[in-house]
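Q: Input file: input00.cif. Contents: mmCIF, C-alpha atoms and all ligand atoms.
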data_target
#
loop_
_atom_site.label_atom_id
_atom_site.label_comp_id
_atom_site.auth_asym_id
_atom_site.auth_seq_id
_atom_site.Cartn_x
_atom_site.Cartn_y
_atom_site.Cartn_z
CA MET A 1 31.82 -55.95 -14.16
CA THR A 2 35.36 -55.35 -15.32
CA ASP A 3 35.66 -56.78 -18.81
CA HIS A 4 38.89 -58.70 -18.23
CA SER A 5 37.52 -61.94 -19.47
CA THR A 6 34.72 -62.91 -21.75
CA SER A 7 34.07 -65.93 -19.51
CA TRP A 8 31.47 -63.76 -17.74
CA THR A 9 29.24 -64.29 -20.76
CA THR A 10 29.09 -68.01 -19.97
CA CYS A 11 27.59 -67.43 -16.49
CA ASP A 12 24.12 -68.91 -16.25
CA GLY A 13 23.26 -67.79 -12.75
CA ILE A 14 24.46 -66.27 -9.52
CA LEU A 15 25.74 -68.11 -6.46
CA PHE A 16 25.12 -66.29 -3.19
CA TYR A 17 26.65 -67.08 0.20
CA CYS A 18 24.69 -66.16 3.32
CA ARG A 19 24.38 -66.98 6.99
CA ALA A 20 22.99 -70.52 7.38
CA GLY A 21 19.27 -70.27 8.19
CA PHE A 22 18.80 -67.03 6.21
CA GLU A 23 18.47 -68.59 2.72
CA LYS A 24 14.78 -67.59 2.47
CA ASP A 25 15.54 -64.02 3.45
CA CYS A 26 18.37 -63.90 0.95
CA ALA A 27 16.04 -65.31 -1.72
CA ALA A 28 13.36 -62.70 -0.90
CA GLU A 29 15.95 -59.94 -1.30
CA ILE A 30 17.40 -61.30 -4.56
CA SER A 31 13.96 -61.80 -6.08
CA HIS A 32 13.09 -58.23 -5.12
CA ARG A 33 16.30 -56.85 -6.70
CA ALA A 34 15.86 -58.97 -9.84
CA GLY A 35 12.27 -57.70 -10.10
CA GLU A 36 13.48 -54.07 -9.94
CA LEU A 37 15.89 -54.83 -12.80
CA ALA A 38 13.24 -56.75 -14.78
CA VAL A 39 15.41 -59.88 -14.69
CA PRO A 40 13.28 -63.04 -14.83
CA GLY A 41 14.73 -65.88 -12.79
CA TYR A 42 14.19 -68.14 -9.82
CA CYS A 43 15.94 -69.02 -6.57
CA GLN A 44 16.95 -72.51 -5.52
CA ALA A 45 17.95 -72.97 -1.90
CA GLN A 46 18.12 -75.58 0.82
CA SER A 47 17.35 -74.55 4.40
CA ASN A 48 20.44 -74.10 6.60
CA SER A 49 22.86 -74.68 3.70
CA GLY A 50 24.47 -71.22 3.83
CA PHE A 51 24.13 -70.59 0.08
CA LEU A 52 21.62 -70.33 -2.76
CA HIS A 53 21.43 -70.12 -6.51
CA PHE A 54 19.59 -67.60 -8.63
CA HIS A 55 19.01 -69.05 -12.08
CA VAL A 56 18.59 -66.79 -15.10
CA VAL A 57 17.70 -68.25 -18.49
CA ASP A 58 17.89 -65.18 -20.72
CA PRO A 59 21.57 -64.20 -21.39
CA GLU A 60 20.72 -60.51 -21.86
CA ALA A 61 18.90 -60.39 -18.53
CA MET A 62 21.84 -62.23 -16.97
CA ALA A 63 24.27 -59.60 -18.28
CA ARG A 64 22.02 -56.85 -16.86
CA LEU A 65 22.03 -58.50 -13.43
CA LEU A 66 25.80 -59.08 -13.46
CA ARG A 67 26.37 -55.40 -14.30
CA ALA A 68 24.05 -54.14 -11.56
CA LEU A 69 25.07 -56.24 -8.56
CA ASP A 70 27.42 -54.81 -5.95
CA TRP A 71 28.01 -56.57 -2.62
CA ARG A 72 27.84 -53.23 -0.81
CA ASP A 73 24.16 -52.83 -1.72
CA LEU A 74 23.11 -56.29 -0.53
CA VAL A 75 21.80 -57.00 2.98
CA PHE A 76 21.67 -60.79 3.44
CA PRO A 77 24.21 -62.12 0.86
CA ARG A 78 27.79 -62.19 2.13
CA GLN A 79 29.07 -62.72 -1.35
CA TRP A 80 27.79 -63.05 -4.92
CA LEU A 81 29.52 -64.94 -7.73
CA GLY A 82 28.80 -65.45 -11.41
CA ARG A 83 28.25 -69.19 -11.73
CA LEU A 84 30.09 -70.87 -14.62
CA ARG A 85 29.22 -74.53 -14.12
CA ARG A 86 28.78 -77.36 -11.68
CA ILE A 87 30.76 -80.61 -11.65
CA GLU A 88 29.52 -83.64 -9.79
CA GLY A 89 31.11 -87.03 -9.15
CA LEU A 90 34.72 -85.81 -9.19
CA SER A 91 36.97 -88.84 -8.97
CA GLU A 92 39.60 -88.76 -6.25
CA GLY A 93 42.67 -89.34 -8.41
CA ARG A 94 41.58 -87.04 -11.29
CA ARG A 95 40.06 -84.02 -9.62
CA VAL A 96 42.57 -81.52 -11.04
CA GLU A 97 42.15 -82.76 -14.64
CA GLU A 98 38.36 -82.86 -14.40
CA ILE A 99 38.23 -79.29 -13.09
CA LEU A 100 40.69 -78.04 -15.73
CA ASP A 101 38.58 -79.67 -18.46
CA ALA A 102 35.51 -77.84 -17.19
CA LEU A 103 37.06 -74.35 -17.18
CA PRO A 104 35.81 -72.12 -20.01
CA SER A 105 38.46 -71.73 -22.70
CA GLU A 106 38.02 -67.92 -22.56
CA LEU A 107 39.40 -67.86 -19.01
CA THR A 108 43.07 -67.06 -19.48
CA ALA A 109 44.00 -64.89 -16.48
CA ILE A 110 42.77 -64.59 -12.92
CA SER A 111 43.89 -62.45 -9.98
CA GLN A 112 43.16 -65.08 -7.32
CA LEU A 113 42.10 -68.70 -6.92
CA LEU A 114 39.79 -69.33 -3.94
CA LEU A 115 38.68 -72.75 -2.72
CA GLU A 116 35.59 -72.29 -0.57
CA TYR A 117 32.87 -74.27 1.21
CA PRO A 118 29.57 -73.51 2.98
CA ASP A 119 29.82 -71.78 6.36
CA THR A 120 28.09 -74.64 8.18
CA ASN A 121 29.37 -77.39 10.50
CA ALA A 122 29.35 -79.86 7.61
CA GLY A 123 31.03 -77.33 5.34
CA LYS A 124 33.81 -76.61 7.81
CA SER A 125 34.94 -80.24 7.59
CA LEU A 126 36.08 -79.36 4.03
CA SER A 127 38.51 -76.65 5.10
CA ARG A 128 41.49 -79.04 5.33
CA PHE A 129 40.70 -80.62 1.98
CA CYS A 130 40.47 -77.17 0.35
CA ARG A 131 43.79 -76.02 1.87
CA ARG A 132 45.56 -79.14 0.58
CA PHE A 133 43.96 -79.11 -2.85
CA HIS A 134 44.89 -75.48 -3.56
CA ARG A 135 48.52 -76.19 -4.47
CA PRO A 136 48.03 -79.03 -7.03
CA LEU A 137 45.12 -77.19 -8.58
CA SER A 138 46.94 -73.88 -9.03
CA ALA A 139 49.96 -75.75 -10.45
CA GLY A 140 47.62 -77.57 -12.86
CA MET A 141 46.00 -74.31 -13.91
CA GLN A 142 49.30 -72.64 -14.72
CA HIS A 143 50.28 -75.68 -16.70
CA ALA A 144 46.99 -75.45 -18.60
CA GLY A 145 47.64 -71.78 -19.48
CA VAL A 146 45.47 -69.96 -16.95
CA ARG A 147 47.73 -67.15 -15.79
CA MET A 148 47.84 -65.59 -12.31
CA THR A 149 47.97 -61.87 -13.03
CA PRO A 150 49.02 -59.15 -10.56
CA ASP A 151 46.24 -56.97 -12.05
CA SER A 152 43.90 -56.80 -9.05
CA ARG A 153 40.95 -55.97 -11.34
CA ALA A 154 41.12 -59.33 -13.11
CA PRO A 155 38.42 -61.82 -12.11
CA ARG A 156 38.89 -64.20 -9.21
CA LEU A 157 38.10 -67.85 -9.76
CA HIS A 158 36.12 -69.53 -6.96
CA LEU A 159 35.68 -73.26 -6.49
CA PHE A 160 32.81 -73.78 -4.10
CA PHE A 161 32.85 -77.35 -2.76
CA GLU A 162 29.64 -78.81 -1.35
CA ASP A 163 31.64 -82.00 -0.70
CA SER A 164 34.95 -83.28 -2.06
CA GLY A 165 33.15 -84.69 -5.14
CA ALA A 166 30.87 -81.75 -6.09
CA VAL A 167 32.03 -78.27 -6.97
CA GLU A 168 30.65 -75.07 -8.47
CA LEU A 169 33.02 -73.03 -10.63
CA ALA A 170 32.31 -69.33 -10.31
CA LEU A 171 33.82 -65.89 -10.94
CA SER A 172 33.92 -62.73 -8.87
CA ASP A 173 34.66 -59.17 -9.86
CA PRO A 174 37.11 -57.74 -7.28
CA GLU A 175 35.54 -54.30 -7.68
CA ARG A 176 31.97 -55.38 -6.94
CA CYS A 177 32.22 -58.58 -4.90
CA ALA A 178 33.38 -58.93 -1.30
CA SER A 179 37.16 -59.25 -1.00
CA TRP A 180 37.24 -61.74 1.90
CA PRO A 181 37.31 -65.52 1.28
CA GLN A 182 33.75 -66.84 1.72
CA GLY A 183 32.67 -63.19 2.12
CA ILE A 184 33.71 -63.38 5.78
CA PRO A 185 35.92 -60.70 7.33
CA ARG A 186 37.67 -62.70 10.06
CA LEU A 187 38.40 -60.54 13.11
CA ARG A 188 40.23 -61.47 16.29
CA MET A 189 38.59 -60.91 19.62
CA PRO A 190 40.57 -57.95 20.94
CA ARG A 191 42.20 -58.37 24.33
CA GLY A 192 40.57 -56.18 26.94
CA ALA A 193 37.20 -55.81 25.20
CA PRO A 194 34.40 -56.70 27.65
CA SER A 195 32.07 -58.62 25.28
CA ARG A 196 32.17 -60.48 21.97
CA SER A 197 29.67 -58.05 20.52
CA THR A 198 32.59 -55.62 20.21
CA LEU A 199 33.36 -57.52 16.98
CA LYS A 200 30.02 -56.49 15.50
CA LEU A 201 30.89 -52.81 15.71
CA GLU A 202 34.46 -53.40 14.52
CA GLU A 203 33.10 -55.26 11.50
CA ALA A 204 30.47 -52.55 10.93
CA PHE A 205 33.19 -49.87 10.76
CA LEU A 206 35.25 -52.04 8.40
CA VAL A 207 32.42 -53.10 6.10
CA LEU A 208 29.89 -50.25 6.15
CA LEU A 209 32.27 -47.26 6.22
CA GLN A 210 34.76 -46.25 3.57
CA PRO A 211 38.31 -45.39 4.75
CA ARG A 212 37.65 -41.62 4.36
CA GLU A 213 34.44 -41.91 6.39
CA ARG A 214 36.23 -43.85 9.12
CA SER A 215 38.89 -41.18 9.53
CA ALA A 216 36.32 -38.34 9.44
CA LEU A 217 34.00 -39.92 12.00
CA LEU A 218 36.20 -42.01 14.28
CA ARG A 219 38.81 -39.45 15.30
CA PRO A 220 40.20 -38.59 18.74
CA GLY A 221 38.10 -35.94 20.43
CA ALA A 222 34.90 -36.76 18.52
CA THR A 223 31.79 -37.30 20.66
CA ALA A 224 29.41 -40.26 20.73
CA VAL A 225 26.40 -41.69 22.55
CA ASP A 226 26.02 -45.47 23.01
CA LEU A 227 22.40 -46.48 23.74
CA GLY A 228 22.17 -49.90 25.43
CA ALA A 229 25.90 -49.80 26.15
CA ALA A 230 26.48 -52.36 28.95
CA PRO A 231 28.81 -54.11 29.50
CA GLY A 232 30.67 -51.94 26.99
CA GLY A 233 31.88 -53.88 23.93
CA TRP A 234 30.72 -51.17 21.52
CA THR A 235 31.89 -48.31 23.76
CA TRP A 236 35.30 -50.06 23.90
CA GLN A 237 35.65 -49.73 20.10
CA LEU A 238 35.06 -45.99 20.35
CA ILE A 239 37.38 -45.25 23.26
CA GLN A 240 40.16 -47.21 21.51
CA ARG A 241 39.90 -44.57 18.81
CA GLY A 242 39.91 -41.70 21.33
CA LEU A 243 36.21 -40.76 21.16
CA GLN A 244 34.40 -39.41 24.23
CA VAL A 245 31.35 -41.55 24.92
CA THR A 246 28.15 -41.15 26.90
CA ALA A 247 27.11 -44.75 27.67
CA VAL A 248 23.39 -45.07 28.40
CA ASP A 249 22.23 -48.26 30.13
CA ASN A 250 20.77 -49.29 33.48
CA GLY A 251 23.21 -52.21 33.54
CA PRO A 252 26.81 -51.94 34.82
CA MET A 253 29.69 -50.93 32.55
CA HIS A 254 32.98 -52.81 32.64
CA GLU A 255 35.38 -51.27 35.18
CA GLU A 256 38.34 -50.86 32.82
CA ILE A 257 36.18 -48.94 30.38
CA MET A 258 35.14 -46.53 33.11
CA ALA A 259 38.80 -46.18 34.16
CA SER A 260 39.65 -44.80 30.69
CA GLY A 261 38.26 -41.42 31.71
CA LEU A 262 36.57 -41.15 28.30
CA VAL A 263 33.17 -42.52 29.34
CA ASP A 264 30.23 -40.91 31.14
CA HIS A 265 27.80 -43.66 32.24
CA ARG A 266 24.12 -42.62 32.48
CA ARG A 267 21.65 -45.04 34.04
CA GLU A 268 18.72 -43.82 31.94
CA ASP A 269 16.17 -45.08 29.46
CA GLY A 270 17.72 -45.02 25.99
CA PHE A 271 14.43 -44.05 24.42
CA ARG A 272 14.16 -40.91 26.57
CA TYR A 273 17.79 -39.82 26.84
CA ARG A 274 18.75 -36.71 24.85
CA PRO A 275 22.25 -35.15 24.78
CA THR A 276 22.69 -31.54 25.94
CA ARG A 277 24.81 -30.89 22.82
CA PRO A 278 24.72 -32.63 19.42
CA VAL A 279 27.22 -35.50 19.09
CA ASP A 280 29.17 -36.77 16.09
CA LEU A 281 28.03 -40.37 16.33
CA LEU A 282 25.10 -42.30 17.81
CA ILE A 283 25.43 -46.07 18.23
CA CYS A 284 22.66 -48.31 19.51
CA ASP A 285 22.47 -52.03 20.34
CA MET A 286 19.25 -52.10 22.40
CA VAL A 287 17.14 -55.21 21.92
CA GLU A 288 13.79 -53.81 20.74
CA GLN A 289 11.30 -53.90 17.87
CA PRO A 290 13.16 -52.85 14.69
CA SER A 291 10.52 -50.22 13.87
CA ARG A 292 10.95 -48.62 17.32
CA ILE A 293 14.73 -48.46 16.95
CA ALA A 294 14.52 -47.09 13.39
CA ASP A 295 12.08 -44.36 14.54
CA LEU A 296 14.40 -43.41 17.42
CA MET A 297 17.41 -43.18 15.08
CA ALA A 298 15.34 -41.12 12.62
CA ARG A 299 14.42 -38.62 15.37
CA TRP A 300 18.06 -38.12 16.42
CA LEU A 301 19.18 -37.58 12.82
CA GLN A 302 16.29 -35.31 11.86
CA GLN A 303 16.59 -33.19 15.02
CA GLY A 304 20.33 -32.77 14.45
CA LEU A 305 21.24 -34.57 17.72
CA CYS A 306 23.87 -36.67 15.86
CA ARG A 307 25.65 -36.42 12.50
CA ALA A 308 25.80 -40.18 11.91
CA ALA A 309 24.33 -43.34 13.42
CA VAL A 310 25.34 -47.02 13.47
CA PHE A 311 22.82 -49.41 14.98
CA ASN A 312 21.37 -52.89 14.98
CA LEU A 313 17.88 -53.89 13.92
CA LYS A 314 16.90 -57.13 15.67
CA LEU A 315 14.89 -59.23 13.26
CA PRO A 316 11.69 -61.23 13.79
CA MET A 317 11.59 -65.02 13.19
CA LYS A 318 9.78 -64.68 9.85
CA GLN A 319 9.52 -62.19 6.97
CA ARG A 320 12.90 -60.78 7.90
CA PHE A 321 13.56 -59.06 4.56
CA ARG A 322 10.24 -57.27 4.93
CA ALA A 323 11.20 -56.14 8.46
CA VAL A 324 14.47 -54.75 7.06
CA GLN A 325 12.66 -52.90 4.28
CA ASP A 326 10.19 -51.46 6.78
CA GLY A 327 13.00 -50.36 9.13
CA LEU A 328 14.99 -48.70 6.32
CA LYS A 329 11.91 -46.85 5.02
CA ARG A 330 11.62 -45.11 8.40
CA LEU A 331 15.07 -43.51 8.12
CA PRO A 332 15.49 -39.98 6.76
CA ALA A 333 17.10 -39.32 3.39
CA ALA A 334 18.50 -36.00 4.69
CA ASP A 335 19.72 -34.50 7.98
CA SER A 336 18.23 -31.55 9.93
CA ARG A 337 19.73 -29.09 7.42
CA GLY A 338 18.56 -30.95 4.35
CA ARG A 339 21.96 -32.49 3.52
CA PRO A 340 21.66 -35.97 2.02
CA LEU A 341 22.48 -39.05 4.08
CA ALA A 342 23.81 -42.41 2.88
CA ILE A 343 22.03 -45.45 4.29
CA ARG A 344 23.86 -48.81 4.28
CA CYS A 345 22.63 -52.04 5.77
CA ARG A 346 24.08 -55.56 6.00
CA GLN A 347 23.78 -58.73 7.97
CA LEU A 348 27.39 -58.83 9.16
CA TYR A 349 29.27 -62.05 9.83
CA HIS A 350 29.15 -61.29 13.57
CA ASP A 351 25.42 -60.49 13.46
CA ARG A 352 22.98 -63.25 14.35
CA ASP A 353 19.26 -62.52 14.15
CA GLU A 354 19.90 -58.92 13.24
CA VAL A 355 21.27 -56.55 10.64
CA THR A 356 23.52 -53.53 11.14
CA VAL A 357 22.73 -50.14 9.63
CA ALA A 358 24.92 -47.08 9.11
CA VAL A 359 23.43 -43.67 8.29
CA LEU A 360 26.14 -41.20 7.33
CA PRO A 361 26.61 -37.75 5.86
CA ILE A 362 27.77 -37.96 2.26
CA LEU A 363 31.31 -36.58 2.10
CA SER A 364 32.09 -34.16 -0.72
C1 LIG B 401 22.87 -56.52 23.48
S1 LIG B 401 23.16 -55.66 24.94
C2 LIG B 401 24.33 -54.47 24.46
C3 LIG B 401 25.71 -55.00 24.39
C4 LIG B 401 26.72 -53.89 24.14
N1 LIG B 401 26.56 -53.30 22.81
C5 LIG B 401 28.14 -54.40 24.26
O1 LIG B 401 28.82 -54.48 23.24
O2 LIG B 401 28.57 -54.74 25.36
C6 LIG B 401 21.71 -54.71 25.07
C7 LIG B 401 21.74 -53.71 26.21
O3 LIG B 401 20.63 -52.82 26.02
C8 LIG B 401 20.20 -52.41 27.28
N2 LIG B 401 18.84 -51.85 27.11
C9 LIG B 401 17.72 -52.46 26.68
N3 LIG B 401 16.69 -51.59 26.69
C10 LIG B 401 17.20 -50.39 27.11
C11 LIG B 401 16.65 -49.10 27.31
N4 LIG B 401 15.37 -48.86 27.05
N5 LIG B 401 17.46 -48.13 27.72
C12 LIG B 401 18.77 -48.35 27.96
N6 LIG B 401 19.36 -49.55 27.79
C13 LIG B 401 18.57 -50.57 27.37
C14 LIG B 401 20.26 -53.66 28.12
O4 LIG B 401 20.36 -53.32 29.50
C15 LIG B 401 21.54 -54.34 27.59
O5 LIG B 401 22.65 -54.02 28.41
#
Please re-express this file's structure in structure tokens.
A:
Amino acid sequence: MTDHSTSWTTCDGILFYCRAGFEKDCAAEISHRAGELAVPGYCQAQSNSGFLHFHVVDPEAMARLLRALDWRDLVFPRQWLGRLRRIEGLSEGRRVEEILDALPSELTAISQLLLEYPDTNAGKSLSRFCRRFHRPLSAGMQHAGVRMTPDSRAPRLHLFFEDSGAVELALSDPERCASWPQGIPRLRMPRGAPSRSTLKLEEAFLVLLQPRERSALLRPGATAVDLGAAPGGWTWQLIQRGLQVTAVDNGPMHEEIMASGLVDHRREDGFRYRPTRPVDLLICDMVEQPSRIADLMARWLQQGLCRAAVFNLKLPMKQRFRAVQDGLKRLPAADSRGRPLAIRCRQLYHDRDEVTVAVLPILS
């Protein structure tokens, strides 16, 4: 946590955003992480709400948790925020004043003010209210002496509205919390892509790879295999970047993708297919047991058939955090020559009942 403001010390818990319906999985993950850090606390969540609270009573344990959390290491949470306080029963004509009164006096400068709401149908009805309320609130804050600083490391202030009368005030650290409002990278469906699932791979490259890794891996002339490729949304992302792709699937590939001249379509079983030469990247979106997919990815990486892999693990209906842990345990920590691999895993915004994993060589 960047020590720009002592208001962090007044946080009494963490607010997590997640995909609605995955609150229990998020809670299982947070409880596991808190256990590893010896932070006693408890989760409070409502099914299908799209968020949950982790309460911590001991301030020292709270500080330990705040220092250790990084959104990049979390699977189910889209965002985490240090919770300052909750206000209920905001009155319509005095919302700005009531919020200003509740701000900790230590909070003197912020890099951004974000008005957010749960990513649910009910929550979305608050988007207009939040857009309109932003201007009077930021004016009121400036008037009250809370400065907007251009220092991008200064904390961001989040107001998370459950309805127009109840709000959580919370802080995020720009260096260790997701940068997108609501933790959601909004992507446009690209024209010409054959399926919406193209957005999953686009988001995976944006969220799971660092800029240096993207340019090292996704360069013109690099080679890739796409297992379970049809109709071609994932392959499309690769050929846009000039990669040569072997697309493995019994189903048909989109005509325009084949016309690119960059794709070799093999109607074969993805579990049996092996490339004649090692490729730079393996991607896989086959719908199968997560353990079977993780074992397949592990074999390719350990046998040196690919340098890196990006793939989905489809999750069961229950015990989904456990299924993720089991899948990740099956992946190798090093490649065929003993060089260490980084393993990153997240439930992306465009993922549904699945998580996306990237296994990559660690760049020097
Ligand atoms: C979710 S779709 C893939 C969508 C694709 N990523 C896209 O963006 O268009 C899953 C695909 O996996 C293929 N598939 C499932 N089992 C397979 C196997 N054993 N070998 C090859 N393809 C398989 C299916 O035919 C299906 O086209």
Q: Could you tell me how far atom C11 of ligand LIG 401 (chain B) lies from atom CA of A:Pro361, in Å and to one decimal?
A: 26.2 Å
Q: List the spatial neighbours of A:Gln182 as a VMD selection string - criterion: any atom at most 9 Å away, all atoms listed in the file, same-chain residues fewer than 6 positions off excluded.
A: chain A and resid 17 78 to 79 114 to 119
Q: Can you write out as JSON lines which residues of stretch 127-194 of chain A fall within 12 Å of stretch 46-52 of chain A, alongside each residue's closest atom pair and its distance in Å to one decimal, counting all atoms listed in the file and ordering rows by chain and ascending residue number?
A:
{"residue": "A:Phe160", "atom": "CA", "partner": "A:Phe51", "partner_atom": "CA", "distance": 10.1}
{"residue": "A:Phe161", "atom": "CA", "partner": "A:Phe51", "partner_atom": "CA", "distance": 11.4}
{"residue": "A:Glu162", "atom": "CA", "partner": "A:Ser49", "partner_atom": "CA", "distance": 9.4}
{"residue": "A:Glu168", "atom": "CA", "partner": "A:Phe51", "partner_atom": "CA", "distance": 11.6}
{"residue": "A:Gln182", "atom": "CA", "partner": "A:Phe51", "partner_atom": "CA", "distance": 10.5}
{"residue": "A:Gly183", "atom": "CA", "partner": "A:Phe51", "partner_atom": "CA", "distance": 11.5}
Q: Set the cut-off to 9 Å, count only C-alpha atoms and all ligand atoms, and list whatever residues fall near ligand LIG 401 (chain B) as a PyMOL selection string.
A: chain A and resi 193-201+226-237+248-254+267-273+283-288
Q: Using only C-alpha atoms for the distances, tell me which of A:Glu60, A:Pro155, A:Phe129, A:Thr108 is nearest to A:Gln142.
A: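 Ranked by minimum distance to A:Gln142, first place goes to A:Thr108.
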Q: Given the point (41.9, -82.9, -12.2) in the file's coordinates, find the residues that have an atom at most 12 Å from it, counting all atoms listed in the file, and give them as a list in words.
A: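 The distance filter leaves exactly Ile87, Gly89, Leu90, Ser91, Glu92, Gly93, Arg94, Arg95, Val96, Glu97, Glu98, Ile99, Leu100, Asp101, Ala102, Leu103, Phe133, His134, Pro136, Leu137, Ser138, Ala139, Gly140, Met141, His143, Ala144 and Gly165 of chain A.
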Q: Find the residues near A:Leu15: any atom within 6 Å, counting only C-alpha atoms, skip ones fewer than 2 places away on the same chain, and give them as a PyMOL selection string.
A: chain A and resi 52-53+80-81+83
Q: As an exercise, work out the distance from atom CA of A:Ala298 to atom CA of A:Leu331 in Å and give it to one decimal place.
A: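 Separation of atom CA of A:Ala298 and atom CA of A:Leu331: 5.1 Å.
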Q: Can you tell me, as an NGL selection string, what residues are no more than 10 Å from A:Thr9 when counting all atoms listed in the file, ignoring any on the same chain fewer than 3 positions away?
A: :A and (5-6 or 12 or 59-60 or 62-63 or 66 or 82 or 84 or 106)
Q: With all atoms listed in the file as the atoms that count, which of A:Gln244, A:Gln112, A:Asn312, A:Ser291 lies nearest to A:Asp173?
A: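 Closest candidate: A:Gln112.
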Q: Return as AutoDock Vina command-line options the box centre and box size in Å, one decimal, for an axis-aligned box around all listed atoms of stretch 69-76 of chain A padded by 8 Å per side.
A:
--center_x 24.8 --center_y -56.8 --center_z -2.6 --size_x 22.3 --size_y 24.0 --size_z 28.0
Q: In Å, rounded to a single decimal, give me how far atom CA of A:Arg188 is from atom CA of A:Ile257.
A: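 Between atom CA of A:Ile257 and atom CA of A:Arg188 the gap works out to 19.3 Å.
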Q: Considering only C-alpha atoms, state which residue in the set A:Ala259, A:Phe54, A:Arg147, A:Ser179 is at the smallest distance from A:Arg33.
A: A:Phe54
Q: What residues have an atom no more than 10 Å from (29.7, -37.6, 17.0) in the file's own frame, counting only C-alpha atoms, and can you write them as a PyMOL selection string?
A: chain A and resi 217-219+221-225+243-245+278-283+305-309
Q: Kindly indicate which residue among A:Arg320, A:Lys24, A:Arg64, A:Arg128 lies nearest to A:Val39, using all atoms listed in the file for the distances.
A: A:Arg64
Q: Find, counting all atoms listed in the file, the residue in A:Leu296, A:Gly13, A:Leu348, A:Asp264 that gets nearest to A:Ala170.
A: A:Gly13
Q: So that I can see what lies close to A:Asp73, please list as an mmCIF file with C-alpha atoms, in the frame of the given file the residues with an atom at most 12 Å from it, counting all atoms listed in the file and leaving out residues fewer than 5 positions away in the same chain.
A:
data_model
loop_
_atom_site.group_PDB
_atom_site.id
_atom_site.type_symbol
_atom_site.label_atom_id
_atom_site.label_comp_id
_atom_site.auth_asym_id
_atom_site.auth_seq_id
_atom_site.Cartn_x
_atom_site.Cartn_y
_atom_site.Cartn_z
ATOM 1 C CA GLU A 29 15.950 -59.940 -1.300
ATOM 2 C CA ILE A 30 17.400 -61.300 -4.560
ATOM 3 C CA ARG A 33 16.300 -56.850 -6.700
ATOM 4 C CA ALA A 68 24.050 -54.140 -11.560
ATOM 5 C CA ARG A 78 27.790 -62.190 2.130
ATOM 6 C CA GLN A 79 29.070 -62.720 -1.350
ATOM 7 C CA TRP A 80 27.790 -63.050 -4.920
ATOM 8 C CA ARG A 176 31.970 -55.380 -6.940
ATOM 9 C CA CYS A 177 32.220 -58.580 -4.900
ATOM 10 C CA ALA A 178 33.380 -58.930 -1.300
ATOM 11 C CA VAL A 207 32.420 -53.100 6.100
ATOM 12 C CA LEU A 208 29.890 -50.250 6.150
ATOM 13 C CA ALA A 342 23.810 -42.410 2.880
ATOM 14 C CA ILE A 343 22.030 -45.450 4.290
ATOM 15 C CA ARG A 344 23.860 -48.810 4.280
ATOM 16 C CA CYS A 345 22.630 -52.040 5.770
ATOM 17 C CA ARG A 346 24.080 -55.560 6.000
ATOM 18 C CA GLN A 347 23.780 -58.730 7.970
ATOM 19 C CA VAL A 357 22.730 -50.140 9.630
#
